[in-house]
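Undergrad: Supplied structure: data-v5.cif, mmCIF, C-alpha atoms, pLDDT in the B column; chains and numbers go by the auth columns.
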data_entry
#
loop_
_atom_site.group_PDB
_atom_site.id
_atom_site.type_symbol
_atom_site.label_atom_id
_atom_site.label_comp_id
_atom_site.label_asym_id
_atom_site.label_seq_id
_atom_site.Cartn_x
_atom_site.Cartn_y
_atom_site.Cartn_z
_atom_site.B_iso_or_equiv
_atom_site.auth_seq_id
_atom_site.auth_asym_id
ATOM 1 C CA MET A 1 15.391 -4.125 1.100 94.00 15 A
ATOM 2 C CA ASN A 2 12.669 -1.921 2.624 95.00 16 A
ATOM 3 C CA ALA A 3 12.988 1.131 4.833 98.00 17 A
ATOM 4 C CA ILE A 4 10.519 2.201 7.515 98.00 18 A
ATOM 5 C CA ILE A 5 10.574 5.771 8.797 98.00 19 A
ATOM 6 C CA ILE A 6 8.649 6.201 12.057 97.00 20 A
ATOM 7 C CA ALA A 7 7.210 9.681 11.620 96.00 21 A
ATOM 8 C CA ALA A 8 4.160 9.915 13.884 91.00 22 A
ATOM 9 C CA GLY A 9 5.657 12.610 16.150 83.00 23 A
ATOM 10 C CA SER A 10 5.360 16.395 15.846 81.00 24 A
ATOM 11 C CA GLY A 11 7.814 19.250 16.346 77.00 25 A
ATOM 12 C CA GLU A 12 6.351 20.588 19.580 82.00 26 A
ATOM 13 C CA ARG A 13 9.709 20.834 21.372 85.00 27 A
ATOM 14 C CA ILE A 14 11.323 22.663 18.459 91.00 28 A
ATOM 15 C CA GLY A 15 9.049 25.706 18.546 87.00 29 A
ATOM 16 C CA ASP A 16 5.531 27.103 18.275 85.00 30 A
ATOM 17 C CA ASP A 17 5.920 27.690 14.538 85.00 31 A
ATOM 18 C CA VAL A 18 6.299 23.936 13.882 86.00 32 A
ATOM 19 C CA LYS A 19 4.300 22.407 16.742 85.00 33 A
ATOM 20 C CA SER A 20 1.566 21.427 14.269 88.00 34 A
ATOM 21 C CA THR A 21 4.074 19.977 11.816 92.00 35 A
ATOM 22 C CA PRO A 22 5.326 16.385 11.756 92.00 36 A
ATOM 23 C CA LYS A 23 8.921 16.469 12.968 93.00 37 A
ATOM 24 C CA ALA A 24 10.018 14.707 9.780 95.00 38 A
ATOM 25 C CA LEU A 25 8.816 17.707 7.767 95.00 39 A
ATOM 26 C CA VAL A 26 10.764 20.331 9.728 95.00 40 A
ATOM 27 C CA ASN A 27 13.088 22.140 7.301 95.00 41 A
ATOM 28 C CA ILE A 28 16.858 22.176 7.531 96.00 42 A
ATOM 29 C CA ASN A 29 18.376 24.593 5.030 96.00 43 A
ATOM 30 C CA GLY A 30 15.113 24.639 3.087 94.00 44 A
ATOM 31 C CA LYS A 31 14.621 20.871 2.909 96.00 45 A
ATOM 32 C CA PRO A 32 12.574 18.617 5.235 96.00 46 A
ATOM 33 C CA ILE A 33 14.489 16.119 7.369 97.00 47 A
ATOM 34 C CA ILE A 34 12.700 13.227 5.700 97.00 48 A
ATOM 35 C CA GLU A 35 13.911 14.280 2.259 97.00 49 A
ATOM 36 C CA TYR A 36 17.514 14.048 3.465 97.00 50 A
ATOM 37 C CA GLN A 37 16.731 10.534 4.696 98.00 51 A
ATOM 38 C CA ILE A 38 15.008 9.456 1.494 98.00 52 A
ATOM 39 C CA GLU A 39 17.878 10.757 -0.648 97.00 53 A
ATOM 40 C CA VAL A 40 20.401 8.694 1.325 98.00 54 A
ATOM 41 C CA LEU A 41 18.206 5.586 1.225 98.00 55 A
ATOM 42 C CA LYS A 42 17.684 5.812 -2.531 97.00 56 A
ATOM 43 C CA LYS A 43 21.385 6.453 -3.104 97.00 57 A
ATOM 44 C CA ASN A 44 21.928 3.046 -1.513 97.00 58 A
ATOM 45 C CA GLY A 45 19.334 1.321 -3.673 97.00 59 A
ATOM 46 C CA ILE A 46 16.545 1.355 -1.083 97.00 60 A
ATOM 47 C CA ASN A 47 13.471 2.498 -2.989 96.00 61 A
ATOM 48 C CA ASP A 48 10.684 0.729 -1.096 97.00 62 A
ATOM 49 C CA ILE A 49 10.111 3.277 1.658 98.00 63 A
ATOM 50 C CA ILE A 50 7.290 3.176 4.195 98.00 64 A
ATOM 51 C CA VAL A 51 6.445 6.228 6.303 98.00 65 A
ATOM 52 C CA ILE A 52 4.383 5.788 9.469 97.00 66 A
ATOM 53 C CA ARG A 53 2.474 9.007 9.981 96.00 67 A
ATOM 54 C CA GLY A 54 0.287 10.113 12.888 91.00 68 A
ATOM 55 C CA LYS A 55 -1.136 13.471 13.889 86.00 69 A
ATOM 56 C CA TYR A 56 -0.916 16.019 11.040 88.00 70 A
ATOM 57 C CA GLY A 57 -0.185 13.127 8.699 91.00 71 A
ATOM 58 C CA ASP A 58 -2.091 14.852 5.908 93.00 72 A
ATOM 59 C CA LYS A 59 0.853 17.264 5.569 94.00 73 A
ATOM 60 C CA PHE A 60 3.018 14.582 3.979 95.00 74 A
ATOM 61 C CA LYS A 61 2.976 15.196 0.220 91.00 75 A
ATOM 62 C CA ILE A 62 5.995 13.149 -0.873 94.00 76 A
ATOM 63 C CA LYS A 63 5.202 10.921 -3.835 93.00 77 A
ATOM 64 C CA ASN A 64 6.261 7.311 -4.501 92.00 78 A
ATOM 65 C CA ILE A 65 6.185 6.523 -0.780 94.00 79 A
ATOM 66 C CA ASN A 66 3.979 3.992 1.003 96.00 80 A
ATOM 67 C CA TYR A 67 2.156 5.551 3.936 97.00 81 A
ATOM 68 C CA ILE A 68 0.861 3.795 7.041 96.00 82 A
ATOM 69 C CA ASN A 69 -1.572 5.820 9.126 95.00 83 A
ATOM 70 C CA ASP A 70 -1.007 5.376 12.849 95.00 84 A
ATOM 71 C CA ASN A 71 -4.497 6.243 14.012 91.00 85 A
ATOM 72 C CA ASN A 72 -3.658 5.079 17.537 88.00 86 A
ATOM 73 C CA TYR A 73 -0.646 7.362 18.021 87.00 87 A
ATOM 74 C CA GLU A 74 -2.108 8.819 21.241 87.00 88 A
ATOM 75 C CA GLU A 75 -2.473 5.345 22.788 90.00 89 A
ATOM 76 C CA HIS A 76 1.117 4.197 22.342 91.00 90 A
ATOM 77 C CA ASP A 77 4.662 5.417 21.797 93.00 91 A
ATOM 78 C CA ILE A 78 7.248 4.805 19.088 95.00 92 A
ATOM 79 C CA LEU A 79 7.330 1.021 19.532 96.00 93 A
ATOM 80 C CA GLY A 80 3.576 0.812 18.983 95.00 94 A
ATOM 81 C CA SER A 81 3.913 3.043 15.925 96.00 95 A
ATOM 82 C CA LEU A 82 6.433 0.645 14.404 97.00 96 A
ATOM 83 C CA MET A 83 4.102 -2.273 15.055 96.00 97 A
ATOM 84 C CA GLU A 84 1.455 -0.574 12.919 96.00 98 A
ATOM 85 C CA ALA A 85 3.745 -1.483 10.013 96.00 99 A
ATOM 86 C CA LYS A 86 4.894 -4.879 11.245 96.00 100 A
ATOM 87 C CA GLN A 87 3.941 -6.583 7.974 96.00 101 A
ATOM 88 C CA PHE A 88 6.875 -4.731 6.404 96.00 102 A
ATOM 89 C CA LEU A 89 9.255 -6.389 8.866 96.00 103 A
ATOM 90 C CA GLU A 90 8.749 -9.605 6.901 94.00 104 A
ATOM 91 C CA ASN A 91 11.574 -8.525 4.549 94.00 105 A
ATOM 92 C CA ASP A 92 15.075 -7.173 5.111 97.00 106 A
ATOM 93 C CA VAL A 93 14.486 -3.640 6.378 98.00 107 A
ATOM 94 C CA ILE A 94 16.149 -0.501 7.711 98.00 108 A
ATOM 95 C CA VAL A 95 14.145 1.240 10.462 98.00 109 A
ATOM 96 C CA LEU A 96 14.703 4.940 11.166 98.00 110 A
ATOM 97 C CA TYR A 97 13.571 7.551 13.634 98.00 111 A
ATOM 98 C CA SER A 98 12.213 10.480 11.624 96.00 112 A
ATOM 99 C CA ASP A 99 14.127 13.195 13.504 96.00 113 A
ATOM 100 C CA ILE A 100 17.670 12.252 12.537 97.00 114 A
ATOM 101 C CA ILE A 101 19.777 13.529 9.674 97.00 115 A
ATOM 102 C CA PHE A 102 22.878 11.610 8.664 98.00 116 A
ATOM 103 C CA GLU A 103 25.582 11.096 6.074 96.00 117 A
ATOM 104 C CA ASN A 104 25.376 8.510 3.337 97.00 118 A
ATOM 105 C CA LYS A 105 28.186 6.365 4.752 97.00 119 A
ATOM 106 C CA ILE A 106 26.233 5.648 7.940 98.00 120 A
ATOM 107 C CA ILE A 107 23.585 3.758 5.956 98.00 121 A
ATOM 108 C CA GLN A 108 26.353 2.075 3.965 97.00 122 A
ATOM 109 C CA GLN A 109 27.829 0.805 7.231 97.00 123 A
ATOM 110 C CA MET A 110 24.437 -0.527 8.315 98.00 124 A
ATOM 111 C CA LEU A 111 23.957 -2.360 5.038 97.00 125 A
ATOM 112 C CA GLU A 112 27.295 -4.135 5.431 97.00 126 A
ATOM 113 C CA THR A 113 26.258 -5.999 8.584 96.00 127 A
ATOM 114 C CA LYS A 114 24.959 -9.559 8.165 95.00 128 A
ATOM 115 C CA ALA A 115 23.425 -9.817 11.644 98.00 129 A
ATOM 116 C CA ASP A 116 19.712 -10.545 12.029 98.00 130 A
ATOM 117 C CA ILE A 117 19.232 -7.507 14.269 98.00 131 A
ATOM 118 C CA SER A 118 21.700 -4.622 14.346 98.00 132 A
ATOM 119 C CA ILE A 119 21.698 -1.061 15.642 98.00 133 A
ATOM 120 C CA ALA A 120 23.804 1.988 14.819 98.00 134 A
ATOM 121 C CA ILE A 121 25.767 3.360 17.765 98.00 135 A
ATOM 122 C CA ASP A 122 28.130 6.291 18.202 98.00 136 A
ATOM 123 C CA THR A 123 31.181 6.007 20.460 97.00 137 A
ATOM 124 C CA GLU A 124 31.972 9.753 20.224 96.00 138 A
ATOM 125 C CA TRP A 125 28.480 10.803 21.264 96.00 139 A
ATOM 126 C CA GLU A 126 29.295 12.969 24.268 94.00 140 A
ATOM 127 C CA GLU A 127 30.768 15.772 22.182 93.00 141 A
ATOM 128 C CA ASN A 128 27.335 16.193 20.579 93.00 142 A
ATOM 129 C CA TYR A 129 25.922 17.324 23.932 95.00 143 A
ATOM 130 C CA VAL A 130 28.305 20.187 24.599 93.00 144 A
ATOM 131 C CA GLY A 131 26.129 23.299 25.057 91.00 145 A
ATOM 132 C CA ARG A 132 22.964 21.316 24.361 94.00 146 A
ATOM 133 C CA THR A 133 20.986 22.614 27.325 95.00 147 A
ATOM 134 C CA GLU A 134 17.522 21.991 25.857 94.00 148 A
ATOM 135 C CA HIS A 135 18.313 18.295 25.309 93.00 149 A
ATOM 136 C CA PRO A 136 20.974 17.347 27.879 95.00 150 A
ATOM 137 C CA LYS A 137 23.151 14.250 27.915 94.00 151 A
ATOM 138 C CA SER A 138 20.819 12.606 30.431 95.00 152 A
ATOM 139 C CA GLU A 139 18.233 12.229 27.621 95.00 153 A
ATOM 140 C CA ALA A 140 20.563 10.253 25.351 96.00 154 A
ATOM 141 C CA GLU A 141 19.526 6.708 24.481 97.00 155 A
ATOM 142 C CA ASN A 142 22.681 5.018 25.732 97.00 156 A
ATOM 143 C CA VAL A 143 24.104 1.604 24.886 98.00 157 A
ATOM 144 C CA LYS A 144 26.432 -0.229 27.276 97.00 158 A
ATOM 145 C CA ILE A 145 28.826 -2.719 25.698 97.00 159 A
ATOM 146 C CA ASP A 146 31.458 -5.019 27.154 95.00 160 A
ATOM 147 C CA GLU A 147 35.032 -5.680 26.042 94.00 161 A
ATOM 148 C CA ASN A 148 33.774 -8.253 23.511 96.00 162 A
ATOM 149 C CA GLN A 149 31.458 -5.672 21.923 95.00 163 A
ATOM 150 C CA LYS A 150 28.394 -7.409 23.307 97.00 164 A
ATOM 151 C CA ILE A 151 25.466 -5.112 24.077 98.00 165 A
ATOM 152 C CA LEU A 152 24.538 -5.390 27.750 96.00 166 A
ATOM 153 C CA GLN A 153 22.018 -2.613 28.205 97.00 167 A
ATOM 154 C CA ILE A 154 20.166 0.065 26.294 98.00 168 A
ATOM 155 C CA LYS A 155 18.216 2.899 27.896 97.00 169 A
ATOM 156 C CA LYS A 156 18.451 6.597 28.667 96.00 170 A
ATOM 157 C CA ASN A 157 21.114 7.984 30.939 94.00 171 A
ATOM 158 C CA ILE A 158 23.300 4.955 31.649 95.00 172 A
ATOM 159 C CA GLN A 159 26.000 6.013 34.105 86.00 173 A
ATOM 160 C CA ASN A 160 29.568 5.224 33.138 75.00 174 A
ATOM 161 C CA GLY A 161 31.016 2.285 35.018 76.00 175 A
ATOM 162 C CA HIS A 162 33.367 -0.478 33.926 86.00 176 A
ATOM 163 C CA HIS A 163 31.963 -0.702 30.391 94.00 177 A
ATOM 164 C CA GLN A 164 31.939 1.521 27.331 95.00 178 A
ATOM 165 C CA ILE A 165 28.893 3.757 26.937 96.00 179 A
ATOM 166 C CA CYS A 166 27.710 4.763 23.446 97.00 180 A
ATOM 167 C CA GLU A 167 24.589 6.356 21.967 98.00 181 A
ATOM 168 C CA PHE A 168 21.901 4.715 19.841 98.00 182 A
ATOM 169 C CA LEU A 169 21.257 6.796 16.719 98.00 183 A
ATOM 170 C CA GLY A 170 17.726 5.577 16.049 98.00 184 A
ATOM 171 C CA ILE A 171 18.749 3.420 13.078 98.00 185 A
ATOM 172 C CA MET A 172 18.160 -0.351 13.047 98.00 186 A
ATOM 173 C CA LYS A 173 18.480 -3.115 10.495 98.00 187 A
ATOM 174 C CA PHE A 174 16.567 -6.395 10.446 98.00 188 A
ATOM 175 C CA THR A 175 16.936 -9.390 8.225 98.00 189 A
ATOM 176 C CA LYS A 176 13.727 -11.260 7.457 97.00 190 A
ATOM 177 C CA HIS A 177 14.526 -13.637 10.311 98.00 191 A
ATOM 178 C CA GLY A 178 15.390 -10.775 12.669 98.00 192 A
ATOM 179 C CA GLY A 179 12.101 -9.031 11.941 98.00 193 A
ATOM 180 C CA LYS A 180 10.238 -12.259 12.670 98.00 194 A
ATOM 181 C CA ILE A 181 11.989 -12.577 16.035 98.00 195 A
ATOM 182 C CA PHE A 182 11.178 -8.958 16.901 98.00 196 A
ATOM 183 C CA VAL A 183 7.478 -9.178 15.985 98.00 197 A
ATOM 184 C CA GLU A 184 6.904 -12.554 17.647 97.00 198 A
ATOM 185 C CA LYS A 185 8.513 -11.373 20.879 96.00 199 A
ATOM 186 C CA TYR A 186 6.430 -8.183 20.847 96.00 200 A
ATOM 187 C CA ASP A 187 3.199 -10.123 20.274 95.00 201 A
ATOM 188 C CA GLU A 188 4.111 -12.506 23.087 94.00 202 A
ATOM 189 C CA ILE A 189 4.658 -9.636 25.518 93.00 203 A
ATOM 190 C CA LEU A 190 1.503 -7.844 24.409 92.00 204 A
ATOM 191 C CA SER A 191 -0.562 -10.983 25.023 90.00 205 A
ATOM 192 C CA ARG A 192 0.722 -11.150 28.613 85.00 206 A
ATOM 193 C CA ASN A 193 -0.329 -7.524 29.086 71.00 207 A
ATOM 194 C CA LYS A 194 2.080 -6.922 31.958 74.00 208 A
ATOM 195 C CA GLU A 195 1.945 -3.440 33.433 82.00 209 A
ATOM 196 C CA LYS A 196 5.557 -2.229 33.502 91.00 210 A
ATOM 197 C CA PHE A 197 7.825 -2.820 30.530 95.00 211 A
ATOM 198 C CA HIS A 198 11.437 -1.929 31.277 95.00 212 A
ATOM 199 C CA GLU A 199 11.578 1.902 31.379 94.00 213 A
ATOM 200 C CA ALA A 200 7.966 2.308 30.172 95.00 214 A
ATOM 201 C CA PRO A 201 4.724 2.019 32.176 93.00 215 A
ATOM 202 C CA SER A 202 3.484 -0.629 29.722 93.00 216 A
ATOM 203 C CA VAL A 203 4.436 -2.246 26.434 93.00 217 A
ATOM 204 C CA LEU A 204 1.944 0.048 24.668 90.00 218 A
ATOM 205 C CA LYS A 205 3.875 3.053 25.988 92.00 219 A
ATOM 206 C CA GLY A 206 7.215 1.453 25.186 94.00 220 A
ATOM 207 C CA TYR A 207 10.106 2.811 23.186 95.00 221 A
ATOM 208 C CA LEU A 208 12.179 0.828 20.720 97.00 222 A
ATOM 209 C CA THR A 209 14.900 0.757 23.360 97.00 223 A
ATOM 210 C CA ASP A 210 12.553 -1.049 25.768 97.00 224 A
ATOM 211 C CA MET A 211 11.948 -3.739 23.166 97.00 225 A
ATOM 212 C CA LEU A 212 15.646 -4.018 22.403 98.00 226 A
ATOM 213 C CA GLN A 213 16.357 -4.476 26.106 98.00 227 A
ATOM 214 C CA GLU A 214 13.760 -7.245 26.212 97.00 228 A
ATOM 215 C CA LEU A 215 15.594 -9.043 23.415 98.00 229 A
ATOM 216 C CA ILE A 216 18.914 -8.590 25.202 98.00 230 A
ATOM 217 C CA ASP A 217 17.441 -10.036 28.399 97.00 231 A
ATOM 218 C CA CYS A 218 16.202 -13.017 26.371 97.00 232 A
ATOM 219 C CA GLU A 219 19.772 -13.622 25.116 97.00 233 A
ATOM 220 C CA ILE A 220 18.836 -12.628 21.568 97.00 234 A
ATOM 221 C CA LYS A 221 21.899 -11.124 19.938 96.00 235 A
ATOM 222 C CA ILE A 222 21.815 -7.515 18.789 98.00 236 A
ATOM 223 C CA GLU A 223 24.834 -6.495 16.737 98.00 237 A
ATOM 224 C CA PRO A 224 26.331 -3.036 17.391 98.00 238 A
ATOM 225 C CA VAL A 225 27.391 -1.142 14.277 98.00 239 A
ATOM 226 C CA PHE A 226 29.997 1.440 15.277 98.00 240 A
ATOM 227 C CA ILE A 227 29.294 4.274 12.892 97.00 241 A
ATOM 228 C CA SER A 228 31.703 6.917 11.716 92.00 242 A
ATOM 229 C CA GLY A 229 30.234 9.964 10.079 91.00 243 A
ATOM 230 C CA LYS A 230 28.182 13.066 10.575 95.00 244 A
ATOM 231 C CA TRP A 231 24.697 12.895 12.076 97.00 245 A
ATOM 232 C CA CYS A 232 22.284 14.954 14.173 96.00 246 A
ATOM 233 C CA GLU A 233 19.112 14.416 16.131 96.00 247 A
ATOM 234 C CA VAL A 234 16.614 17.273 15.787 96.00 248 A
ATOM 235 C CA ASP A 235 14.421 17.488 18.878 94.00 249 A
ATOM 236 C CA THR A 236 14.691 21.122 20.001 94.00 250 A
ATOM 237 C CA LYS A 237 15.380 24.584 18.572 94.00 251 A
ATOM 238 C CA GLN A 238 19.023 24.227 19.612 95.00 252 A
ATOM 239 C CA ASP A 239 19.207 20.935 17.722 96.00 253 A
ATOM 240 C CA LEU A 240 17.682 22.532 14.650 95.00 254 A
ATOM 241 C CA ASP A 241 20.233 25.362 14.694 95.00 255 A
ATOM 242 C CA ARG A 242 23.050 22.848 15.133 95.00 256 A
ATOM 243 C CA ALA A 243 21.854 20.643 12.288 96.00 257 A
ATOM 244 C CA THR A 244 21.456 23.675 10.036 96.00 258 A
ATOM 245 C CA LYS A 245 25.152 24.517 10.516 96.00 259 A
ATOM 246 C CA LYS A 246 26.382 20.926 10.380 95.00 260 A
ATOM 247 C CA PHE A 247 24.593 20.097 7.138 95.00 261 A
ATOM 248 C CA SER A 248 24.944 23.451 5.379 90.00 262 A
#
What is this file in structure tokens?

TA:
Amino acid sequence: MNAIIIAAGSGERIGDDVKSTPKALVNINGKPIIEYQIEVLKKNGINDIIVIRGKYGDKFKIKNINYINDNNYEEHDILGSLMEAKQFLENDVIVLYSDIIFENKIIQQMLETKADISIAIDTEWEENYVGRTEHPKSEAENVKIDENQKILQIKKNIQNGHHQICEFLGIMKFTKHGGKIFVEKYDEILSRNKEKFHEAPSVLKGYLTDMLQELIDCEIKIEPVFISGKWCEVDTKQDLDRATKKFS
């Protein structure tokens, strides 16, 4: 089992003091976010860890990690960053956003699923947005599921209707076969070079959620993993303060 941490982004929204720091290296209680992630991964026997780094990538000093340099980080978004490491999707792999901090049992829950493609979702997500004015609920990456727990839609700011709305944590798991499906579908779309790609202006500017929606539209099953446990996204100064208290 591999793990890929997509860490090409910086901490510009958190504050001026960390705007030239990769978000993964922002400290929470004296320890970078990525070290929390690596500790949890290794506790679950995942030692082959790949970090995709972009601007300010030279600030990563963690040893015994494989680094992929995303030299094209200005030309694409997080989906394109992941594709810089697509050769590592040829094995079973956990994929993580670099700005999330989470409890050990969340990764344990992800490892239990046998699905080819699965994503971690939170059903109690709305309480995490109380008082979160710098990153409001409208910015959440929502997941709409039906009564049979089938994922129907994934994007930001899905309005509540007749289906349950959850939040995507930024944690995915692929089997070898699932990774193959994901990469082949991405390459197919890229070769068509269509302008708009779901919520993004193009596939190069796409998010992981845009690619997941493409798979859903193609009737490719994505398994929801309903997590229970403590986690935080760290995107703003408010988020940082909240995570500092939550993981003290």

Undergrad: Within 10 Å of segment 229-246 of chain A, counting all atoms listed in the file, which residues show up once you throw out same-chain ones fewer than 6 positions away? Write them as a ChimeraX atom specification, please.

TA: /A:113-138,142,157,159,163-168,180-183,185-188,192,195-196,199-200,223,253-254,256-258,260-261

Undergrad: Take the residues just selected and output them with C-alpha atoms as a PDB file, in the frame of the given file.

TA:
ATOM      1  CA  ASP A 113      14.127  13.195  13.504  1.00 96.00           C
ATOM      2  CA  ILE A 114      17.670  12.252  12.537  1.00 97.00           C
ATOM      3  CA  ILE A 115      19.777  13.529   9.674  1.00 97.00           C
ATOM      4  CA  PHE A 116      22.878  11.610   8.664  1.00 98.00           C
ATOM      5  CA  GLU A 117      25.582  11.096   6.074  1.00 96.00           C
ATOM      6  CA  ASN A 118      25.376   8.510   3.337  1.00 97.00           C
ATOM      7  CA  LYS A 119      28.186   6.365   4.752  1.00 97.00           C
ATOM      8  CA  ILE A 120      26.233   5.648   7.940  1.00 98.00           C
ATOM      9  CA  ILE A 121      23.585   3.758   5.956  1.00 98.00           C
ATOM     10  CA  GLN A 122      26.353   2.075   3.965  1.00 97.00           C
ATOM     11  CA  GLN A 123      27.829   0.805   7.231  1.00 97.00           C
ATOM     12  CA  MET A 124      24.437  -0.527   8.315  1.00 98.00           C
ATOM     13  CA  LEU A 125      23.957  -2.360   5.038  1.00 97.00           C
ATOM     14  CA  GLU A 126      27.295  -4.135   5.431  1.00 97.00           C
ATOM     15  CA  THR A 127      26.258  -5.999   8.584  1.00 96.00           C
ATOM     16  CA  LYS A 128      24.959  -9.559   8.165  1.00 95.00           C
ATOM     17  CA  ALA A 129      23.425  -9.817  11.644  1.00 98.00           C
ATOM     18  CA  ASP A 130      19.712 -10.545  12.029  1.00 98.00           C
ATOM     19  CA  ILE A 131      19.232  -7.507  14.269  1.00 98.00           C
ATOM     20  CA  SER A 132      21.700  -4.622  14.346  1.00 98.00           C
ATOM     21  CA  ILE A 133      21.698  -1.061  15.642  1.00 98.00           C
ATOM     22  CA  ALA A 134      23.804   1.988  14.819  1.00 98.00           C
ATOM     23  CA  ILE A 135      25.767   3.360  17.765  1.00 98.00           C
ATOM     24  CA  ASP A 136      28.130   6.291  18.202  1.00 98.00           C
ATOM     25  CA  THR A 137      31.181   6.007  20.460  1.00 97.00           C
ATOM     26  CA  GLU A 138      31.972   9.753  20.224  1.00 96.00           C
ATOM     27  CA  ASN A 142      27.335  16.193  20.579  1.00 93.00           C
ATOM     28  CA  VAL A 157      24.104   1.604  24.886  1.00 98.00           C
ATOM     29  CA  ILE A 159      28.826  -2.719  25.698  1.00 97.00           C
ATOM     30  CA  GLN A 163      31.458  -5.672  21.923  1.00 95.00           C
ATOM     31  CA  LYS A 164      28.394  -7.409  23.307  1.00 97.00           C
ATOM     32  CA  ILE A 165      25.466  -5.112  24.077  1.00 98.00           C
ATOM     33  CA  LEU A 166      24.538  -5.390  27.750  1.00 96.00           C
ATOM     34  CA  GLN A 167      22.018  -2.613  28.205  1.00 97.00           C
ATOM     35  CA  ILE A 168      20.166   0.065  26.294  1.00 98.00           C
ATOM     36  CA  CYS A 180      27.710   4.763  23.446  1.00 97.00           C
ATOM     37  CA  GLU A 181      24.589   6.356  21.967  1.00 98.00           C
ATOM     38  CA  PHE A 182      21.901   4.715  19.841  1.00 98.00           C
ATOM     39  CA  LEU A 183      21.257   6.796  16.719  1.00 98.00           C
ATOM     40  CA  ILE A 185      18.749   3.420  13.078  1.00 98.00           C
ATOM     41  CA  MET A 186      18.160  -0.351  13.047  1.00 98.00           C
ATOM     42  CA  LYS A 187      18.480  -3.115  10.495  1.00 98.00           C
ATOM     43  CA  PHE A 188      16.567  -6.395  10.446  1.00 98.00           C
ATOM     44  CA  GLY A 192      15.390 -10.775  12.669  1.00 98.00           C
ATOM     45  CA  ILE A 195      11.989 -12.577  16.035  1.00 98.00           C
ATOM     46  CA  PHE A 196      11.178  -8.958  16.901  1.00 98.00           C
ATOM     47  CA  LYS A 199       8.513 -11.373  20.879  1.00 96.00           C
ATOM     48  CA  TYR A 200       6.430  -8.183  20.847  1.00 96.00           C
ATOM     49  CA  THR A 223      14.900   0.757  23.360  1.00 97.00           C
ATOM     50  CA  ASP A 253      19.207  20.935  17.722  1.00 96.00           C
ATOM     51  CA  LEU A 254      17.682  22.532  14.650  1.00 95.00           C
ATOM     52  CA  ARG A 256      23.050  22.848  15.133  1.00 95.00           C
ATOM     53  CA  ALA A 257      21.854  20.643  12.288  1.00 96.00           C
ATOM     54  CA  THR A 258      21.456  23.675  10.036  1.00 96.00           C
ATOM     55  CA  LYS A 260      26.382  20.926  10.380  1.00 95.00           C
ATOM     56  CA  PHE A 261      24.593  20.097   7.138  1.00 95.00           C
TER      57      PHE A 261
END

Undergrad: Which of these residues is nearest to Lys158 of chain A, using all atoms listed in the file: A:Ser205, A:Ala214, A:Glu88, A:Gln227?

TA: A:Gln227

Undergrad: For each of A:Asn83, A:Ser112, A:Asn58, A:Thr250, take the minimum atom-to-atom distance to Tyr70 of chain A, counting all atoms listed in the file, then give the residue where this is smallest.

TA: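 Ranking A:Asn83, A:Ser112, A:Asn58, A:Thr250 by distance to Tyr70 of chain A, first place goes to A:Asn83.
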
Undergrad: Under the rule that only C-alpha atoms are counted, which of A:Val40, A:Ile76, A:Val54, A:Ile179 is the nearest residue to Trp139 of chain A?

TA: A:Ile179

Undergrad: Looking at all atoms listed in the file, which of A:Glu141, A:Glu98, A:Asp72, A:Asp62 is the one that sits closest to Pro36 of chain A?

TA: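 Of the candidates, the smallest distance to Pro36 of chain A is held by A:Asp72.
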
Undergrad: Using all atoms listed in the file for the distances, tell me which of A:Lys57, A:Lys37, A:Lys169, A:Arg67 is nearest to Glu247 of chain A.

TA: A:Lys37

Undergrad: Ranking A:Val217, A:Gly25, A:Glu228, A:His212 by minimum distance to His90 of chain A and counting all atoms listed in the file, which one comes first?

TA: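 With all atoms listed in the file as the atom set, the closest residue is A:Val217.
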
Undergrad: Between atom CA of Gly94 of chain A and atom CA of Ile42 of chain A, what distance in Å does the model show, to one decimal?

TA: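 Computed distance, atom CA of Gly94 of chain A to atom CA of Ile42 of chain A, equals 27.6 Å.
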
Undergrad: Write out as a ChimeraX atom specification which residues come within 10 Å of Tyr111 of chain A when counting only C-alpha atoms, dropping same-chain ones fewer than 6 positions away.

TA: /A:18-23,38,48,51,92,96,183-186,222,247

Undergrad: I'd like the interatomic distance between atom CA of Gly68 of chain A and atom CA of Asp84 of chain A, to a tenth of an Å.

TA: 4.9 Å
